[in-house]
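For reference, model_16.cif (mmCIF, C-alpha atoms and all ligand atoms):
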data_data
#
loop_
_atom_site.label_atom_id
_atom_site.label_comp_id
_atom_site.auth_asym_id
_atom_site.auth_seq_id
_atom_site.Cartn_x
_atom_site.Cartn_y
_atom_site.Cartn_z
CA MET A 3 117.40 104.97 83.26
CA LEU A 4 114.23 102.93 82.80
CA SER A 5 113.31 100.54 85.62
CA PRO A 6 113.14 96.85 84.69
CA GLU A 7 109.73 95.25 84.27
CA ARG A 8 107.59 95.18 87.41
CA SER A 9 106.46 91.99 89.10
CA LEU A 10 102.91 93.21 89.59
CA ARG A 11 100.50 94.68 87.06
CA LEU A 12 97.29 96.62 87.34
CA ARG A 13 95.40 96.80 84.07
CA VAL A 14 92.55 99.29 83.88
CA ASP A 15 90.04 98.18 81.24
CA GLN A 16 89.30 101.58 79.71
CA GLU A 17 86.60 100.13 77.46
CA ALA A 18 84.77 98.83 80.55
CA LEU A 19 85.24 102.16 82.35
CA ALA A 20 83.67 104.06 79.42
CA HIS A 21 80.92 101.44 79.21
CA ASN A 22 80.15 101.86 82.92
CA TRP A 23 79.98 105.65 82.66
CA ARG A 24 77.64 105.44 79.64
CA GLY A 25 75.46 102.87 81.42
CA LEU A 26 75.20 105.04 84.55
CA ASP A 27 74.50 108.09 82.39
CA THR A 28 71.64 106.22 80.71
CA LEU A 29 70.27 105.00 84.06
CA SER A 30 70.34 108.62 85.23
CA GLY A 31 67.51 109.36 82.78
CA MET A 32 67.16 113.07 82.02
CA ALA A 33 70.09 113.78 84.32
CA THR A 34 73.71 113.67 83.17
CA ALA A 35 76.28 111.56 84.96
CA GLY A 36 79.41 113.21 86.32
CA ALA A 37 82.23 111.26 87.98
CA ALA A 38 83.73 111.07 91.45
CA VAL A 39 87.47 110.91 90.74
CA LYS A 40 88.80 111.58 94.24
CA ALA A 41 91.65 109.54 95.72
CA ASN A 42 93.32 109.13 92.34
CA CYS A 43 90.17 107.67 90.78
CA TYR A 44 89.67 105.32 93.75
CA GLY A 45 93.24 104.06 93.32
CA LEU A 46 93.07 103.30 89.60
CA GLY A 47 94.91 106.39 88.36
CA VAL A 48 93.74 109.83 87.23
CA ASP A 49 95.92 109.79 84.11
CA THR A 50 94.40 106.48 82.99
CA CYS A 51 90.79 107.04 83.98
CA VAL A 52 90.00 110.73 83.53
CA PRO A 53 90.75 110.99 79.78
CA THR A 54 88.60 107.90 79.23
CA LEU A 55 85.70 109.36 81.21
CA ARG A 56 86.09 112.72 79.46
CA ASP A 57 86.13 111.11 76.00
CA ALA A 58 83.03 109.06 76.91
CA GLY A 59 81.21 112.37 77.48
CA CYS A 60 81.64 113.09 81.19
CA GLU A 61 81.89 116.81 81.99
CA SER A 62 81.68 117.13 85.79
CA PHE A 63 84.46 115.78 88.00
CA PHE A 64 84.52 115.64 91.81
CA VAL A 65 87.63 115.49 94.01
CA ALA A 66 87.89 115.83 97.78
CA HIS A 67 91.08 117.89 98.23
CA TRP A 68 92.56 120.98 96.61
CA SER A 69 95.78 119.00 96.19
CA GLU A 70 93.94 116.76 93.71
CA VAL A 71 93.19 119.59 91.28
CA VAL A 72 96.57 119.70 89.51
CA ALA A 73 96.42 116.09 88.30
CA LEU A 74 92.85 116.59 87.05
CA ALA A 75 93.58 119.88 85.34
CA ALA A 76 96.00 118.11 83.00
CA HIS A 77 92.94 116.52 81.37
CA VAL A 78 89.83 118.65 81.92
CA ALA A 79 88.89 122.33 82.17
CA PRO A 80 89.25 123.59 85.77
CA ARG A 81 85.67 124.94 85.82
CA ASN A 82 84.52 121.30 85.52
CA ILE A 83 86.43 120.26 88.66
CA ALA A 84 84.49 120.49 91.94
CA VAL A 85 86.40 120.32 95.23
CA LEU A 86 84.20 118.65 97.82
CA HIS A 87 85.98 119.74 100.99
CA GLY A 88 85.53 123.39 100.03
CA PRO A 89 87.56 126.43 101.06
CA MET A 90 88.74 125.81 104.62
CA HIS A 91 91.35 128.61 104.57
CA ASP A 92 91.94 131.84 102.70
CA ASP A 93 94.73 130.01 100.88
CA ASP A 94 92.13 127.63 99.46
CA VAL A 95 90.08 130.57 98.18
CA ALA A 96 93.15 132.06 96.52
CA TYR A 97 93.96 128.68 95.00
CA ALA A 98 90.41 128.26 93.70
CA LYS A 99 90.50 131.64 92.02
CA ALA A 100 93.96 131.08 90.54
CA SER A 101 93.28 127.55 89.32
CA GLY A 102 89.66 127.99 88.25
CA ALA A 103 88.55 124.84 90.11
CA VAL A 104 85.18 125.30 91.81
CA PRO A 105 84.68 124.94 95.57
CA VAL A 106 81.78 123.13 97.16
CA ILE A 107 80.60 125.39 99.99
CA ASN A 108 79.90 123.28 103.08
CA SER A 109 79.20 125.75 105.90
CA LEU A 110 78.24 129.33 106.64
CA ALA A 111 81.88 130.02 107.45
CA GLN A 112 82.92 128.76 104.01
CA ALA A 113 80.13 130.79 102.38
CA ARG A 114 81.32 133.97 104.12
CA ARG A 115 84.94 133.26 103.22
CA TRP A 116 83.98 132.78 99.55
CA ASN A 117 81.70 135.83 99.42
CA GLY A 118 84.32 137.93 101.21
CA ALA A 119 86.72 137.25 98.36
CA ALA A 120 84.04 137.87 95.71
CA GLY A 121 84.57 134.25 94.72
CA GLY A 122 82.06 133.91 91.89
CA ALA A 123 80.36 130.68 90.84
CA CYS A 124 80.48 127.86 93.39
CA HIS A 125 78.65 124.71 94.38
CA LEU A 126 76.70 124.15 97.60
CA MET A 127 76.48 121.00 99.74
CA ILE A 128 73.41 120.68 101.94
CA ASP A 129 73.41 118.17 104.76
CA THR A 130 70.14 116.23 104.67
CA GLY A 131 71.11 113.63 107.25
CA ILE A 132 74.55 112.09 106.74
CA ASN A 133 76.00 114.66 109.16
CA ARG A 134 79.45 114.98 107.62
CA LEU A 135 79.78 118.12 105.51
CA GLY A 136 77.19 120.61 104.35
CA VAL A 137 75.06 123.53 105.48
CA ALA A 138 71.94 122.64 107.42
CA PRO A 139 68.55 123.16 105.75
CA SER A 140 67.79 125.71 108.47
CA GLU A 141 70.82 127.78 107.39
CA LEU A 142 69.73 128.23 103.77
CA SER A 143 67.98 131.52 104.50
CA ASP A 144 71.22 133.00 105.88
CA PRO A 145 72.36 136.00 103.81
CA ALA A 146 75.76 134.34 103.27
CA VAL A 147 74.06 131.43 101.48
CA GLN A 148 71.56 133.63 99.67
CA ALA A 149 74.43 135.70 98.29
CA LEU A 150 76.16 132.68 96.69
CA ASN A 151 76.19 132.21 92.95
CA ILE A 152 75.34 128.51 93.00
CA ASP A 153 75.95 126.27 90.03
CA ILE A 154 75.39 122.77 91.49
CA VAL A 155 73.43 122.34 94.69
CA MET A 156 73.96 118.90 96.11
CA SER A 157 73.33 116.60 99.02
CA HIS A 158 74.64 113.11 99.76
CA LEU A 159 72.68 109.96 100.61
CA SER A 160 73.84 108.05 103.68
CA SER A 161 72.27 104.68 102.86
CA ALA A 162 71.58 104.50 99.14
CA ASP A 163 72.95 100.94 99.05
CA GLU A 164 70.22 99.80 101.47
CA GLU A 165 66.45 99.38 101.42
CA THR A 166 65.56 101.96 104.03
CA ALA A 167 63.15 104.84 104.59
CA THR A 168 66.17 107.11 105.05
CA ASN A 169 66.49 107.49 101.28
CA ALA A 170 62.97 108.86 100.77
CA LYS A 171 63.42 111.09 103.82
CA GLN A 172 66.60 112.61 102.43
CA LEU A 173 64.97 113.02 99.00
CA GLN A 174 62.05 114.88 100.57
CA SER A 175 64.33 117.10 102.62
CA PHE A 176 66.47 117.88 99.54
CA ARG A 177 63.38 118.83 97.54
CA GLU A 178 62.26 121.23 100.25
CA CYS A 179 65.71 122.81 100.34
CA LEU A 180 65.67 123.42 96.59
CA ARG A 181 62.71 125.79 97.01
CA LEU A 182 64.75 128.04 99.29
CA ILE A 183 67.69 128.88 97.03
CA ASN A 184 68.62 129.79 93.47
CA PHE A 185 70.89 127.39 91.61
CA LYS A 186 71.55 126.07 88.13
CA ARG A 187 71.72 122.30 88.67
CA ALA A 188 70.72 119.90 91.45
CA SER A 189 72.51 116.65 92.31
CA LEU A 190 71.78 113.97 94.93
CA CYS A 191 72.91 110.54 93.73
CA ASN A 192 76.10 108.57 94.19
CA SER A 193 76.37 105.22 92.35
CA ALA A 194 73.86 103.40 94.53
CA GLY A 195 71.49 106.37 94.43
CA ILE A 196 71.25 106.06 90.64
CA ALA A 197 69.60 102.67 91.16
CA LEU A 198 66.90 104.21 93.38
CA GLY A 199 65.13 105.58 90.32
CA ARG A 200 64.74 108.75 88.35
CA ASP A 201 63.05 110.71 91.17
CA TYR A 202 66.47 110.82 92.76
CA ALA A 203 68.45 111.86 89.68
CA PHE A 204 67.64 115.61 89.35
CA ASP A 205 70.06 117.23 86.85
CA LEU A 206 73.39 115.57 87.59
CA THR A 207 74.46 112.30 89.21
CA ARG A 208 77.85 111.66 90.86
CA PRO A 209 78.80 108.00 90.48
CA GLY A 210 82.17 106.83 91.79
CA ILE A 211 82.53 103.18 92.78
CA ALA A 212 80.31 101.81 90.00
CA LEU A 213 82.44 103.51 87.34
CA TYR A 214 85.37 101.46 88.59
CA GLY A 215 83.51 98.14 88.67
CA GLY A 216 81.81 98.26 92.07
CA VAL A 217 78.24 97.00 92.36
CA PRO A 218 76.72 98.70 95.41
CA ARG A 219 73.17 97.60 94.55
CA HIS A 220 72.00 94.50 92.70
CA GLU A 221 70.03 96.60 90.18
CA LEU A 222 73.37 97.73 88.73
CA ARG A 223 74.75 94.23 88.20
CA GLY A 224 73.73 93.99 84.53
CA THR A 225 75.19 97.41 83.75
CA ILE A 226 78.58 97.32 85.43
CA ARG A 227 81.70 95.56 84.14
CA GLN A 228 84.94 94.81 85.97
CA VAL A 229 87.52 97.55 85.37
CA ALA A 230 90.55 96.62 87.50
CA HIS A 231 92.51 93.52 86.52
CA VAL A 232 95.43 92.56 88.70
CA GLU A 233 98.28 90.14 87.95
CA VAL A 234 101.30 89.26 90.03
CA ALA A 235 104.48 87.28 89.31
CA VAL A 236 105.71 84.17 91.09
CA ILE A 237 109.20 85.08 92.29
CA GLN A 238 110.26 81.75 93.82
CA THR A 239 108.96 78.19 94.09
CA ARG A 240 109.86 75.50 96.62
CA MET A 241 108.78 72.10 97.92
CA LEU A 242 107.52 71.89 101.51
CA ASN A 243 107.97 68.77 103.60
CA LYS A 244 105.23 67.60 105.94
CA GLY A 245 105.37 69.81 109.06
CA ASP A 246 107.16 72.77 107.39
CA THR A 247 105.58 76.12 108.14
CA VAL A 248 104.93 79.20 106.01
CA GLY A 249 105.31 82.90 106.79
CA TYR A 250 105.36 85.00 109.94
CA ASN A 251 104.29 83.22 113.12
CA ALA A 252 104.31 79.91 111.25
CA GLN A 253 100.56 80.00 110.88
CA PHE A 254 100.39 77.46 108.08
CA VAL A 255 101.74 73.97 108.72
CA ALA A 256 102.08 71.65 105.71
CA PRO A 257 99.92 68.55 106.34
CA TRP A 258 101.86 66.67 103.64
CA PRO A 259 104.62 67.45 101.12
CA MET A 260 103.46 70.19 98.75
CA PRO A 261 104.79 72.63 96.12
CA VAL A 262 104.35 76.31 96.96
CA GLY A 263 105.09 79.59 95.21
CA THR A 264 106.14 82.94 96.66
CA VAL A 265 104.30 85.76 94.94
CA SER A 266 105.21 89.45 94.62
CA LEU A 267 102.18 90.89 96.38
CA GLY A 268 101.76 92.11 99.95
CA TYR A 269 99.95 94.54 102.18
CA ALA A 270 102.17 97.41 101.00
CA ASP A 271 100.53 96.88 97.61
CA GLY A 272 97.08 97.11 99.16
CA PHE A 273 96.61 93.35 99.54
CA LEU A 274 95.63 93.47 103.21
CA ARG A 275 95.82 90.58 105.66
CA SER A 276 92.08 90.11 105.54
CA ARG A 277 92.51 88.93 101.94
CA GLY A 278 95.00 86.23 103.00
CA ALA A 279 94.32 82.73 104.36
CA GLY A 280 90.96 81.44 103.11
CA ASN A 281 91.33 83.24 99.78
CA ALA A 282 93.08 82.14 96.59
CA LEU A 283 94.87 83.48 93.53
CA LEU A 284 94.12 82.06 90.10
CA HIS A 285 96.14 80.47 87.31
CA GLU A 286 94.31 79.55 84.13
CA GLY A 287 91.12 79.20 86.13
CA MET A 288 92.80 77.03 88.82
CA MET A 289 92.44 78.17 92.45
CA LEU A 290 95.73 78.50 94.33
CA PRO A 291 94.97 78.92 98.06
CA ILE A 292 96.91 81.55 100.00
CA LEU A 293 98.94 80.04 102.86
CA GLY A 294 99.83 81.79 106.13
CA LYS A 295 99.96 85.50 106.79
CA VAL A 296 100.25 88.16 104.13
CA SER A 297 103.69 89.85 104.41
CA MET A 298 104.49 93.42 103.38
CA ASP A 299 105.75 92.44 99.92
CA MET A 300 104.95 88.74 99.56
CA ILE A 301 102.39 86.00 99.92
CA VAL A 302 102.78 82.25 99.50
CA VAL A 303 100.32 80.11 97.55
CA ASP A 304 99.71 76.37 97.33
CA LEU A 305 100.77 75.16 93.88
CA SER A 306 99.37 71.62 94.27
CA ALA A 307 96.71 72.35 91.64
CA ALA A 308 99.29 73.70 89.18
CA PRO A 309 102.67 72.10 90.01
CA GLY A 310 104.10 73.18 86.64
CA ILE A 311 104.22 76.84 87.65
CA ILE A 312 107.74 78.30 87.65
CA GLU A 313 109.36 81.56 88.64
CA GLY A 314 108.22 84.36 86.39
CA ASP A 315 104.76 82.94 85.72
CA TRP A 316 101.85 85.31 86.29
CA LEU A 317 98.87 84.71 88.56
CA GLN A 318 95.59 86.58 88.64
CA VAL A 319 94.31 88.26 91.79
CA PRO A 320 90.50 88.00 91.92
CA PHE A 321 89.26 91.58 91.53
CA ASP A 322 85.59 91.16 90.80
CA LEU A 323 84.70 93.71 93.49
CA PRO A 324 81.38 92.35 94.84
CA ASN A 325 82.89 88.86 95.18
CA ALA A 326 86.22 90.01 96.54
CA ALA A 327 84.43 92.16 99.12
CA GLN A 328 82.36 89.20 100.24
CA GLN A 329 85.49 87.08 100.69
CA SER A 330 87.55 89.59 102.67
CA SER A 331 86.04 91.82 105.31
CA LEU A 332 86.72 94.84 103.11
CA SER A 333 84.24 97.04 101.31
CA GLN A 334 84.39 97.33 97.53
CA TYR A 335 85.64 100.88 98.09
CA GLU A 336 88.50 99.80 100.33
CA LEU A 337 89.61 97.04 97.95
CA LEU A 338 90.36 99.71 95.34
CA THR A 339 91.51 102.69 97.35
CA VAL A 340 94.16 100.76 99.30
CA LEU A 341 96.05 99.84 96.12
CA GLY A 342 99.60 101.06 96.64
CA SER A 343 101.99 102.89 94.37
CA ARG A 344 104.00 99.97 92.99
CA TRP A 345 101.53 99.02 90.31
CA GLY A 346 102.63 99.65 86.74
C1 LIG B 401 82.58 109.88 96.87
C2 LIG B 401 81.36 110.67 96.60
C3 LIG B 401 80.47 110.28 95.59
C4 LIG B 401 80.59 108.97 94.85
O1 LIG B 401 80.11 107.92 95.68
P1 LIG B 401 80.08 106.40 95.21
O2 LIG B 401 79.38 105.71 96.31
O3 LIG B 401 81.49 105.96 95.07
O4 LIG B 401 79.35 106.35 93.93
C5 LIG B 401 79.42 111.13 95.31
N1 LIG B 401 79.24 112.27 96.01
C6 LIG B 401 80.05 112.66 97.01
C7 LIG B 401 79.78 113.91 97.73
C8 LIG B 401 81.13 111.86 97.34
O5 LIG B 401 81.93 112.22 98.35
#
Whole structure given in structure tokens:
Amino acid sequence: MLSPERSLRLRVDQEALAHNWRGLDTLSGMATAGAAVKANCYGLGVDTCVPTLRDAGCESFFVAHWSEVVALAAHVAPRNIAVLHGPMHDDDVAYAKASGAVPVINSLAQARRWNGAAGGACHLMIDTGINRLGVAPSELSDPAVQALNIDIVMSHLSSADEETATNAKQLQSFRECLRLINFKRASLCNSAGIALGRDYAFDLTRPGIALYGGVPRHELRGTIRQVAHVEVAVIQTRMLNKGDTVGYNAQFVAPWPMPVGTVSLGYADGFLRSRGAGNALLHEGMMLPILGKVSMDMIVVDLSAAPGIIEGDWLQVPFDLPNAAQQSSLSQYELLTVLGSRWG
């Protein structure tokens, strides 16, 4: 049986997504843009986003976990899927070989595990200063690394969204590393890194957030369009009297009589409390301030500016990521990746 219509909608603008990939690909100069599609395409849905990216021309896809391969493999060839966390167990190696997805080798232990299984082509992550995953530059001469059949050698910038000497330092370190190994393609940039200029682009870039509408550096503003559009239904309206309170812990007290609407959106949907009081939803361009605390499944908005709103009307949730990030204490990344599973 089909479920009835949902009271909250996430629309992914596929045209804008393709536009963003093409724009980032162009900004990458001689390099080609791939796509970070981990965490279900940052919350926006693999089945919606990956075919669009593929049809726009994207050929290299990056996920974090082995468990993310199956969803990707429905749309792209496994050899074009890179798994960033690499083979942590022998089971991962077996899975890589059976599925055809390609591991990113992050340590000497992973290199030995992969070589021990005669793994074949792989990618290599070098740590040039973020200190998360990756072999150290000093480990590149190790026989286990030298024995790898490396397709993409990569490193990751810690502060590409900032003006800091760290970026040039990591670039320099990456360049020195490239002299010590054999590989087919080199890759350093995330979205923000692409804006640092073509010196940073090498052969392949790995944008994520900017594909989905994030603007991590101002240079990208003219290139990137909003991708996620979010609408929620009003599920009840009521009239408050002066002194009535709204929501848990009665944090909003009506200063005068006012119409309010209860909206089908809460923190279980990824609308966290930090996006509550002080922020607003929109109706035909009108701002409807959020009142009181965000509940798990509901928020309440002030309808004074649009008293004609009735149950079943739809409101827009501001999802221009740079603005929404500024108005909550959330990063553009968190605003997307916390989206829950109720969206349809
Ligand atoms: C997530 C990720 C990216 C994409 O980063 P954005 O800042 O979202 O563009 C690129 N490379 C690696 C290794 C990643 O983990």
query = Taking all atoms listed in the file into account, which of A:Gly287, A:Gly195, A:Gly263, A:Pro6 comes nearest Ala162 (chain A)?
reply = A:Gly195
inquiry  = Quick one: residues within 8 Å of Leu29 (chain A), all atoms listed in the file, excluding same-chain residues fewer than 4 positions away - as a list in words?
reply    = Gly25, Ile196, Ala197 and Arg200 of chain A
Compile a residue-level contact table for chain A against ligand LIG 401 (chain B) at a cut-off of 8 Å, reporting for every qualifying residue the shortest atom pair and its distance in Å to one decimal, with all atoms listed in the file counted, rows ordered by chain and ascending number, as CSV.
residue,atom,partner,partner_atom,distance
A:Ala37,CA,B:LIG401,C4,7.4
A:Ala38,CA,B:LIG401,C4,5.1
A:Val39,CA,B:LIG401,C1,7.9
A:Lys40,CA,B:LIG401,C1,7.0
A:Phe64,CA,B:LIG401,C6,7.5
A:Val65,CA,B:LIG401,O5,7.9
A:Ala66,CA,B:LIG401,O5,7.0
A:Leu86,CA,B:LIG401,C7,6.5
A:Met156,CA,B:LIG401,C7,7.8
A:Ser157,CA,B:LIG401,C7,7.1
A:His158,CA,B:LIG401,C7,5.6
A:Leu190,CA,B:LIG401,N1,7.7
A:Cys191,CA,B:LIG401,C5,6.7
A:Asn192,CA,B:LIG401,O4,3.9
A:Ser193,CA,B:LIG401,O4,3.6
A:Ala194,CA,B:LIG401,O2,6.2
A:Gly195,CA,B:LIG401,O4,7.9
A:Thr207,CA,B:LIG401,C5,7.9
A:Arg208,CA,B:LIG401,C5,4.7
A:Pro209,CA,B:LIG401,O4,3.9
A:Gly210,CA,B:LIG401,O3,3.5
A:Ile211,CA,B:LIG401,O3,3.7
A:Ala212,CA,B:LIG401,O4,6.1
A:Leu213,CA,B:LIG401,O4,7.8
A:Pro218,CA,B:LIG401,O2,7.6
A:Tyr335,CA,B:LIG401,O3,7.2
query = Which residue out of A:Asn42, A:Asn108, A:Ser343, A:Thr54 has the minimum interatomic distance to Glu70 (chain A) when all atoms listed in the file are used?
reply =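 With all atoms listed in the file as the atom set, the closest residue is A:Asn42.
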request  = Calculate how many Å separate CA of Arg8 (chain A) from CA of Val234 (chain A), rounding to one decimal.
outcome  =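 Answer for the CA of Arg8 (chain A) to CA of Val234 (chain A) separation: 9.0 Å.
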request  = Work out how far CA of His231 (chain A) is from CA of Ser306 (chain A), in Å to one decimal.
outcome  =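 Computing it gives 24.2 Å between the two atoms.
Distances to Leu274 (chain A) were evaluated for A:Ile312, A:Ala327, A:Val236, A:Leu12 using all atoms listed in the file, and the minimum falls at A:Ala327.
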task = Within 9 Å of Leu206 (chain A), counting only C-alpha atoms, which residues show up once you throw out same-chain ones fewer than 2 positions away? Write them as a list in words, please.
result =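 The filter keeps Ser30, Met32, Ala33, Thr34, Ala35, Gly36, Ser62, Ile154, Arg187, Ala188, Ser189, Leu190, Cys191, Ala203, Phe204 and Arg208 of chain A.
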inquiry  = Give me the residues near Val255 (chain A) as a list in words, where near means some atom within 7 Å (using all atoms listed in the file) and where sequence neighbours in that chain fewer than 5 positions away do not count.
reply    =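 After dropping sequence-adjacent residues, the list is Gly245, Asp246, Thr247 and Val248 of chain A.
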task = Kindly give the distance, in Å, that separates CA of Ser276 (chain A) and CA of Ala326 (chain A), rounded to a single decimal.
result = 10.7 Å
Nearby residues (all atoms listed in the file) at most 10 Å from region 93-100 of chain A, same-chain spacing under 4 positions excluded, as a list of chain:residue names =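 The filter keeps A:His67, A:Trp68, A:Ser69, A:Val71, A:Pro80, A:Arg81, A:Ala84, A:Val85, A:Gly88, A:Pro89, A:Val104, A:Pro105, A:Gln112, A:Arg115, A:Trp116, A:Asn117, A:Gly118, A:Ala119, A:Ala120, A:Gly121, A:Gly122, A:Cys124.
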task = Using only C-alpha atoms, find all polymer residues with an atom at most 10 Å away from the point (88.9, 103.2, 98.5); report them as a ChimeraX atom specification.
result = /A:40-46,211,332-341
key: Shell around Glu286 (chain A) at 12 Å using only C-alpha atoms, local window under 5 positions removed, as a VMD selection string   = chain A and resid 233 307 to 308 310 to 311 315 to 319
query = Closest to Phe176 (chain A) among A:Val232, A:Asp129, A:Glu141, A:Ser160, using only C-alpha atoms?
reply =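 Answer, going by the shortest atom-to-atom distance: A:Asp129.
Compared by their closest atoms to Ala18 (chain A), and using all atoms listed in the file, the residues A:Gln329, A:Thr130, A:Ser5, A:Gln228 rank with A:Gln228 nearest.
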inquiry  = Let me make sure I understand: among A:Cys60, A:Ile237, A:Val303, A:Val106, which one has the smallest atom-to-atom distance to His21 (chain A) if we use only C-alpha atoms?
reply    =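 Residue with the minimum atom-to-atom distance to His21 (chain A): A:Cys60.
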Missing atoms of region 166-173 of chain A rebuilt to all heavy atoms, written as an mmCIF file, keeping the file's coordinate frame:
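File result.cif, as written:
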data_model
loop_
_atom_site.group_PDB
_atom_site.id
_atom_site.type_symbol
_atom_site.label_atom_id
_atom_site.label_comp_id
_atom_site.auth_asym_id
_atom_site.auth_seq_id
_atom_site.Cartn_x
_atom_site.Cartn_y
_atom_site.Cartn_z
ATOM 1 N N THR A 166 65.883 101.310 102.759
ATOM 2 C CA THR A 166 65.560 101.960 104.030
ATOM 3 C C THR A 166 64.778 103.248 103.769
ATOM 4 O O THR A 166 64.959 103.894 102.735
ATOM 5 C CB THR A 166 66.840 102.299 104.837
ATOM 6 O OG1 THR A 166 66.535 103.322 105.791
ATOM 7 C CG2 THR A 166 67.954 102.814 103.953
ATOM 8 N N ALA A 167 63.963 103.623 104.727
ATOM 9 C CA ALA A 167 63.150 104.840 104.590
ATOM 10 C C ALA A 167 64.018 106.097 104.597
ATOM 11 O O ALA A 167 63.561 107.178 104.214
ATOM 12 C CB ALA A 167 62.134 104.902 105.733
ATOM 13 N N THR A 168 65.255 105.957 105.027
ATOM 14 C CA THR A 168 66.170 107.110 105.050
ATOM 15 C C THR A 168 66.302 107.756 103.676
ATOM 16 O O THR A 168 66.400 108.974 103.565
ATOM 17 C CB THR A 168 67.570 106.643 105.519
ATOM 18 O OG1 THR A 168 67.426 105.977 106.759
ATOM 19 C CG2 THR A 168 68.517 107.816 105.690
ATOM 20 N N ASN A 169 66.299 106.934 102.630
ATOM 21 C CA ASN A 169 66.490 107.490 101.280
ATOM 22 C C ASN A 169 65.359 108.444 100.914
ATOM 23 O O ASN A 169 65.605 109.567 100.479
ATOM 24 C CB ASN A 169 66.593 106.354 100.259
ATOM 25 C CG ASN A 169 67.846 105.528 100.461
ATOM 26 O OD1 ASN A 169 68.905 106.084 100.771
ATOM 27 N ND2 ASN A 169 67.738 104.218 100.312
ATOM 28 N N ALA A 170 64.121 108.000 101.111
ATOM 29 C CA ALA A 170 62.970 108.860 100.770
ATOM 30 C C ALA A 170 62.953 110.096 101.652
ATOM 31 O O ALA A 170 62.576 111.187 101.212
ATOM 32 C CB ALA A 170 61.680 108.065 100.926
ATOM 33 N N LYS A 171 63.388 109.948 102.894
ATOM 34 C CA LYS A 171 63.420 111.090 103.820
ATOM 35 C C LYS A 171 64.425 112.136 103.337
ATOM 36 O O LYS A 171 64.136 113.344 103.333
ATOM 37 C CB LYS A 171 63.814 110.607 105.227
ATOM 38 C CG LYS A 171 62.770 110.942 106.260
ATOM 39 C CD LYS A 171 62.914 110.162 107.539
ATOM 40 C CE LYS A 171 63.991 110.674 108.479
ATOM 41 N NZ LYS A 171 64.171 109.781 109.623
ATOM 42 N N GLN A 172 65.590 111.663 102.921
ATOM 43 C CA GLN A 172 66.600 112.610 102.430
ATOM 44 C C GLN A 172 66.149 113.268 101.127
ATOM 45 O O GLN A 172 66.386 114.454 100.909
ATOM 46 C CB GLN A 172 67.958 111.911 102.249
ATOM 47 C CG GLN A 172 68.675 111.649 103.568
ATOM 48 C CD GLN A 172 70.138 111.259 103.342
ATOM 49 O OE1 GLN A 172 70.455 110.081 103.255
ATOM 50 N NE2 GLN A 172 71.019 112.240 103.227
ATOM 51 N N LEU A 173 65.486 112.465 100.262
ATOM 52 C CA LEU A 173 64.970 113.020 99.000
ATOM 53 C C LEU A 173 63.975 114.149 99.289
ATOM 54 O O LEU A 173 64.055 115.229 98.686
ATOM 55 C CB LEU A 173 64.288 111.902 98.199
ATOM 56 C CG LEU A 173 63.549 112.328 96.935
ATOM 57 C CD1 LEU A 173 64.495 112.969 95.921
ATOM 58 C CD2 LEU A 173 62.833 111.122 96.295
#
